[in-house]
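J.: Just passing along the structure, written as C-alpha cells.
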Amino acid sequence: TDVEYQILTEMRGSFGQGGPQRLIFSLQPIFFGALGLVPKIQAREKRRAEEGDEVVPPPTISLKKVFQFLHRTNTALMQSSPDMALQLWLTAAVAADQVERATGAQGNFEPICYEFLTQALVLFEEEISDSSKQYKGIHAIVGTLCKIVALDPENFDTVSQKITRHAAKLLKKPMQCRAVSACSQLFWCDARRDAKRVRECLERCVKTCETVVQSDPSQTGLWVEMLDRYIYYFEVNCEEVDVDFLQRLLAICVEHINFALKDQQAEKDAKKAEDHLKSTVAYLRKMKETSPRFAELKLN
C-alpha cells in the first residue's frame, strides 16, 4: 500500500499539470485508485493485530492520510467538473463512514465523513446552478445520507435540513415536490427516526402537488407518486401516517385522474397516471390480504 500510494502521488502531480480539460479524465481514476487503498490498509491492520508487528510491519501510509489525499485530489477537480466532484465527495463520505463503523473507534473518522459531506454541500450551493442538475444532486445527497449511520446526530441534522431547504427552493414546482418527498427519507432511515419531520415534509409535498395539478392537470401523476410515498411510510410503521389519510389520498388520485382524462391536453399523461394508480391499487390489494395494517383500507 505504501508503494501504491507513492505511485498515485506521482501520477497526481504529473496529471495535475495537464490543464482543466484533462483533469476531468485523469483525476477520477487516481481518486478511485486511492480509495482502493482503504480496504487494503484495513486488511493489513487486521493482520498486524493478529500476528504482531514483527510479522506484519505497520503501514507508513495511514487511513487518514489516504482520506487527505482524496480531499486534495477532489478539490483540484471541483472547478473542472462540479458534477463529478459532487459524486466523489459523496463516495468519500460513505467510505469514511464505513471505516468509522469498521474500526469501532467512535469519532475517529466521523469528522472526516462530515467534512466530505460539507464540501459536497458547498459545491452544490456554489457551483451547480442548473435546476435539473440540482434535482439530481439532491437525490444523490439524500441517497448517500441514507447509507450513513456513524455521523453525529447534530451533524446529520444539519446536512439534512440544508438539503431539504434546497429541495424546497427548486425552480420548477413538480421537481420541488418530488425532491422534498425524497428528502423525507432523511428523517426515516437507519440513522434517524423522526415521524414528525416526515409528516412535515409530506404535508409540504401535498400542498405543492395540489397547486401544481390545479394549474396543470397533466401533472396529475404527482398525486399517485405522493400516494406511493405515503404507502411506504405506512408500511414501515411511521406513526404519523395513518390508514384514514391513505384512504383520502386514494380518493384524491381517482378524482384528479378522472378530471384530467376529460382534458384533451392532459389525457395522455392522465392515462399514464391511471395505469400507475392501477398498479398501486393492485399492490394495496395484496397488502390487504397479507398485512393486518392494511385491513381497514377500502378499495373499489
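Residue names in the C-alpha cells use chain letters A, B, ... in the order shown, residue numbers from 1 in each chain, and ligand numbers from 1 in the order shown.
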Would you list the contacts of range 193-199 of chain A as an MDAnalysis selection string, taking every protein, DNA or RNA residue within 10 Å and counting only C-alpha atoms, but skipping same-chain residues closer than 6 positions in sequence?

T.: chainID A and resid 181 183:187 205 230 233 237:241

J.: Please produce a file of the residues just selected, as a PDB file, in the first residue's frame, where the atoms kept are C-alpha atoms.

T.:
```
ATOM      1  CA  SER A 181     -40.628  13.884  -0.978  1.00  0.00           C
ATOM      2  CA  CYS A 183     -35.821  14.326   1.484  1.00  0.00           C
ATOM      3  CA  SER A 184     -38.480  12.933   3.805  1.00  0.00           C
ATOM      4  CA  GLN A 185     -36.433   9.720   3.730  1.00  0.00           C
ATOM      5  CA  LEU A 186     -33.686  11.515   5.657  1.00  0.00           C
ATOM      6  CA  PHE A 187     -35.941  11.541   8.687  1.00  0.00           C
ATOM      7  CA  CYS A 205     -45.406  17.933  -0.795  1.00  0.00           C
ATOM      8  CA  TYR A 230     -47.404   7.610   1.957  1.00  0.00           C
ATOM      9  CA  TYR A 233     -44.258   5.177   5.373  1.00  0.00           C
ATOM     10  CA  ASN A 237     -44.857   1.859  10.736  1.00  0.00           C
ATOM     11  CA  CYS A 238     -44.263   5.604  10.646  1.00  0.00           C
ATOM     12  CA  GLU A 239     -46.792   6.618  13.289  1.00  0.00           C
ATOM     13  CA  GLU A 240     -47.674   9.975  11.695  1.00  0.00           C
ATOM     14  CA  VAL A 241     -49.124   8.251   8.610  1.00  0.00           C
TER      15      VAL A 241
END
```

J.: Under the rule of at most 12 Å, produce a per-residue listing of range 142-174 of chain A near range 127-136 of chain A: chain, number, name, the closest pair of atoms, and the distance in Å, as CSV, using only C-alpha atoms.

T.:
```
residue,atom,partner,partner_atom,distance
A:Val142,CA,A:Lys136,CA,10.0
A:Gly143,CA,A:Lys136,CA,10.6
A:Ile163,CA,A:Gln134,CA,10.4
A:Thr164,CA,A:Tyr135,CA,11.4
A:His166,CA,A:Gln134,CA,8.6
A:Ala167,CA,A:Tyr135,CA,7.5
A:Ala168,CA,A:Tyr135,CA,10.6
A:Lys169,CA,A:Ser131,CA,9.9
A:Leu170,CA,A:Ser131,CA,6.5
A:Leu171,CA,A:Ser131,CA,6.4
A:Lys172,CA,A:Ser131,CA,7.8
A:Lys173,CA,A:Ser131,CA,11.0
A:Pro174,CA,A:Tyr135,CA,10.6
```

J.: Let me see the file: selected residues, C-alpha atoms, as a tab-separated table (two decimals), in the first residue's frame.

T.:
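Contents of part-v3.tsv, freshly written:
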```tsv
chain	number	residue	atom	x	y	z
A	142	VAL	CA	-30.21	12.05	0.02
A	143	GLY	CA	-29.24	8.58	-1.18
A	163	ILE	CA	-30.55	19.80	1.61
A	164	THR	CA	-34.27	19.80	2.42
A	166	HIS	CA	-32.57	23.43	-1.17
A	167	ALA	CA	-35.17	20.93	-2.37
A	168	ALA	CA	-37.96	23.31	-1.37
A	169	LYS	CA	-36.37	26.12	-3.42
A	170	LEU	CA	-36.08	24.31	-6.76
A	171	LEU	CA	-37.32	26.40	-9.64
A	172	LYS	CA	-39.95	24.00	-11.02
A	173	LYS	CA	-42.75	23.02	-8.66
A	174	PRO	CA	-43.02	19.36	-9.81
```

J.: If you count only C-alpha atoms, which residues fall within 9 Å of Phe124 in chain A, apart from same-chain ones fewer than 2 positions away, as a list in words?

T.: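 Residues near the query, excluding close chain neighbours: Pro82, Asp83, Leu86, Gln119, Ala120, Leu121, Val122, Glu126, Glu127, Ile128, Ser129, Gln134, Gly137 and Ile138 of chain A.
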
J.: Using only C-alpha atoms for the distances, tell me which of A:Phe116, A:Cys146, A:Met175, A:Phe156 is nearest to Trp188 in chain A.

T.: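 Among the listed residues, A:Cys146 lies closest to Trp188 in chain A.
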
J.: Quick one: everything within 10 Å of range 100-115 of chain A, counting only C-alpha atoms, minus sequence neighbours fewer than 6 positions away in the same chain. Send it as a list in words.

T.: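 Within the cut-off, the hits are Gln42, Lys46, Leu63, Lys64, Phe67, Gln68, His71, Trp89, Leu90, Thr91, Ala92, Ala93, Val94, Leu121, Ile148, Val149, Ala150, Leu151, Asp152, Asn155, Phe156 and Val159 of chain A.
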
J.: Which distance in Å separates CA of Cys201 in chain A and CA of Leu145 in chain A, to one decimal?

T.: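 Result for CA of Cys201 in chain A versus CA of Leu145 in chain A: 16.6 Å, one decimal.
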
J.: Find the residues around range 270-274 of chain A up to 12 Å (only C-alpha atoms counted), leave out those fewer than 5 positions away in its own chain, and share them as a PyMOL selection string.

T.: chain A and resi 213+216-227+250+253-265+279-281

J.: In Å, how far is it from CA of Arg12 in chain A to CA of Leu27 in chain A?

T.: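 CA of Leu27 in chain A lies 6.9 Å from CA of Arg12 in chain A.
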
J.: Return the single residue from A:Leu246, A:Leu77, A:Val180, A:Met287 that is closest to Phe25 in chain A, with distances computed using only C-alpha atoms.

T.: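 For Phe25 in chain A, the nearest of the given residues is A:Leu77.
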
J.: What gap, in Å, lies between CA of Phe234 in chain A and CA of Asp97 in chain A?

T.: 29.1 Å

J.: Can you check which residues of range 60-194 of chain A DSSP gives as strand (DSSP E or B) on the backbone and send them as JSON, numbers by chain?

T.: {"A": [188, 189, 192, 193]}

J.: Keeping only all heavy atoms, write the selected residues as a compact mmCIF listing (two decimals), in the first residue's frame.

T.:
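Output saved as result-v9.txt:
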```txt
# COMPACT_ATOMS: atom_id res chain seq x y z
N TRP A 188 -36.37 9.21 8.16
CA TRP A 188 -36.81 7.84 8.46
C TRP A 188 -35.85 6.87 7.78
O TRP A 188 -36.16 6.25 6.78
CB TRP A 188 -38.25 7.61 7.99
CG TRP A 188 -38.89 6.43 8.68
CD1 TRP A 188 -38.92 5.13 8.25
CD2 TRP A 188 -39.56 6.44 9.94
NE1 TRP A 188 -39.56 4.35 9.15
CE2 TRP A 188 -39.97 5.11 10.21
CE3 TRP A 188 -39.84 7.44 10.87
CZ2 TRP A 188 -40.66 4.77 11.37
CZ3 TRP A 188 -40.53 7.10 12.02
CH2 TRP A 188 -40.93 5.77 12.25
N CYS A 189 -34.65 6.80 8.34
CA CYS A 189 -33.61 5.91 7.78
C CYS A 189 -32.88 5.27 8.95
O CYS A 189 -33.27 5.41 10.11
CB CYS A 189 -32.66 6.72 6.88
SG CYS A 189 -31.85 8.09 7.72
N ARG A 192 -31.79 7.80 11.64
CA ARG A 192 -32.77 8.66 12.33
C ARG A 192 -34.19 8.16 12.13
O ARG A 192 -34.54 7.67 11.05
CB ARG A 192 -32.64 10.09 11.79
CG ARG A 192 -33.44 11.10 12.59
CD ARG A 192 -33.10 12.49 12.16
NE ARG A 192 -33.81 13.46 12.97
CZ ARG A 192 -33.79 14.75 12.76
NH1 ARG A 192 -33.10 15.24 11.77
NH2 ARG A 192 -34.47 15.57 13.53
N ARG A 193 -35.01 8.33 13.16
CA ARG A 193 -36.44 8.04 13.08
C ARG A 193 -37.19 9.23 13.69
O ARG A 193 -37.25 9.39 14.91
CB ARG A 193 -36.77 6.77 13.87
CG ARG A 193 -36.30 5.47 13.23
CD ARG A 193 -37.19 5.08 12.06
NE ARG A 193 -36.95 3.74 11.59
CZ ARG A 193 -36.05 3.41 10.70
NH1 ARG A 193 -35.27 4.34 10.19
NH2 ARG A 193 -35.92 2.16 10.30
```

J.: Going by DSSP on the backbone, which residues of range 45-275 of chain A come out as alpha helix (DSSP H)? List them as an MDAnalysis selection string.

T.: chainID A and resid 45:51 63:77 82:103 110:127 131:147 153:168 173:183 195:215 221:235 243:261 267:275

J.: I need the residue nearest Val206 in chain A from this list: A:Val243, A:Ala182, A:Ile30, A:Leu249. Use only C-alpha atoms for the distance.

T.: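 Answer, going by the shortest atom-to-atom distance: A:Leu249.
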
J.: Neighbours of Leu284 in chain A within 10 Å (only C-alpha atoms; same-chain residues fewer than 3 positions away dropped), as a VMD selection string?

T.: chain A and resid 231 278 to 281 287 to 291 294 to 295 297 to 299

J.: Just to be explicit: take each residue in the selection above, keep N, CA and C atoms, and write the result as a PDB file, in the first residue's frame.

T.:
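Saved file result07.pdb follows:
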```pdb
ATOM      1  N   ILE A 231     -47.796   5.319   1.246  1.00  0.00           N
ATOM      2  CA  ILE A 231     -47.927   3.870   1.464  1.00  0.00           C
ATOM      3  C   ILE A 231     -46.643   3.307   2.065  1.00  0.00           C
ATOM      4  N   LYS A 278     -53.442   1.997 -11.018  1.00  0.00           N
ATOM      5  CA  LYS A 278     -53.897   0.612 -11.045  1.00  0.00           C
ATOM      6  C   LYS A 278     -52.852  -0.320 -10.442  1.00  0.00           C
ATOM      7  N   SER A 279     -51.584  -0.062 -10.757  1.00  0.00           N
ATOM      8  CA  SER A 279     -50.504  -0.881 -10.187  1.00  0.00           C
ATOM      9  C   SER A 279     -50.428  -0.699  -8.676  1.00  0.00           C
ATOM     10  N   THR A 280     -50.602   0.545  -8.243  1.00  0.00           N
ATOM     11  CA  THR A 280     -50.567   0.831  -6.809  1.00  0.00           C
ATOM     12  C   THR A 280     -51.718   0.146  -6.086  1.00  0.00           C
ATOM     13  N   VAL A 281     -52.902   0.210  -6.666  1.00  0.00           N
ATOM     14  CA  VAL A 281     -54.078  -0.428  -6.063  1.00  0.00           C
ATOM     15  C   VAL A 281     -53.894  -1.954  -6.010  1.00  0.00           C
ATOM     16  N   MET A 287     -51.477  -6.253  -0.123  1.00  0.00           N
ATOM     17  CA  MET A 287     -51.143  -5.936   1.265  1.00  0.00           C
ATOM     18  C   MET A 287     -52.339  -6.164   2.187  1.00  0.00           C
ATOM     19  N   LYS A 288     -53.550  -5.906   1.690  1.00  0.00           N
ATOM     20  CA  LYS A 288     -54.758  -6.151   2.489  1.00  0.00           C
ATOM     21  C   LYS A 288     -54.884  -7.638   2.852  1.00  0.00           C
ATOM     22  N   GLU A 289     -54.441  -8.491   1.943  1.00  0.00           N
ATOM     23  CA  GLU A 289     -54.547  -9.929   2.157  1.00  0.00           C
ATOM     24  C   GLU A 289     -53.474 -10.460   3.111  1.00  0.00           C
ATOM     25  N   THR A 290     -52.351  -9.744   3.180  1.00  0.00           N
ATOM     26  CA  THR A 290     -51.208 -10.278   3.925  1.00  0.00           C
ATOM     27  C   THR A 290     -50.844  -9.493   5.181  1.00  0.00           C
ATOM     28  N   SER A 291     -51.269  -8.218   5.268  1.00  0.00           N
ATOM     29  CA  SER A 291     -50.874  -7.386   6.404  1.00  0.00           C
ATOM     30  C   SER A 291     -52.092  -6.830   7.137  1.00  0.00           C
ATOM     31  N   PHE A 294     -53.237  -3.031   6.783  1.00  0.00           N
ATOM     32  CA  PHE A 294     -53.981  -2.545   5.621  1.00  0.00           C
ATOM     33  C   PHE A 294     -55.429  -3.044   5.584  1.00  0.00           C
ATOM     34  N   ALA A 295     -55.829  -3.780   6.607  1.00  0.00           N
ATOM     35  CA  ALA A 295     -57.147  -4.440   6.583  1.00  0.00           C
ATOM     36  C   ALA A 295     -58.310  -3.445   6.466  1.00  0.00           C
ATOM     37  N   LEU A 297     -58.368  -0.585   4.971  1.00  0.00           N
ATOM     38  CA  LEU A 297     -58.374   0.192   3.729  1.00  0.00           C
ATOM     39  C   LEU A 297     -59.436  -0.341   2.769  1.00  0.00           C
ATOM     40  N   LYS A 298     -60.236   0.571   2.232  1.00  0.00           N
ATOM     41  CA  LYS A 298     -61.316   0.185   1.319  1.00  0.00           C
ATOM     42  C   LYS A 298     -60.888   0.457  -0.119  1.00  0.00           C
ATOM     43  N   LEU A 299     -60.929  -0.582  -0.940  1.00  0.00           N
ATOM     44  CA  LEU A 299     -60.525  -0.467  -2.352  1.00  0.00           C
ATOM     45  C   LEU A 299     -61.686  -0.827  -3.260  1.00  0.00           C
TER      46      LEU A 299
END
```
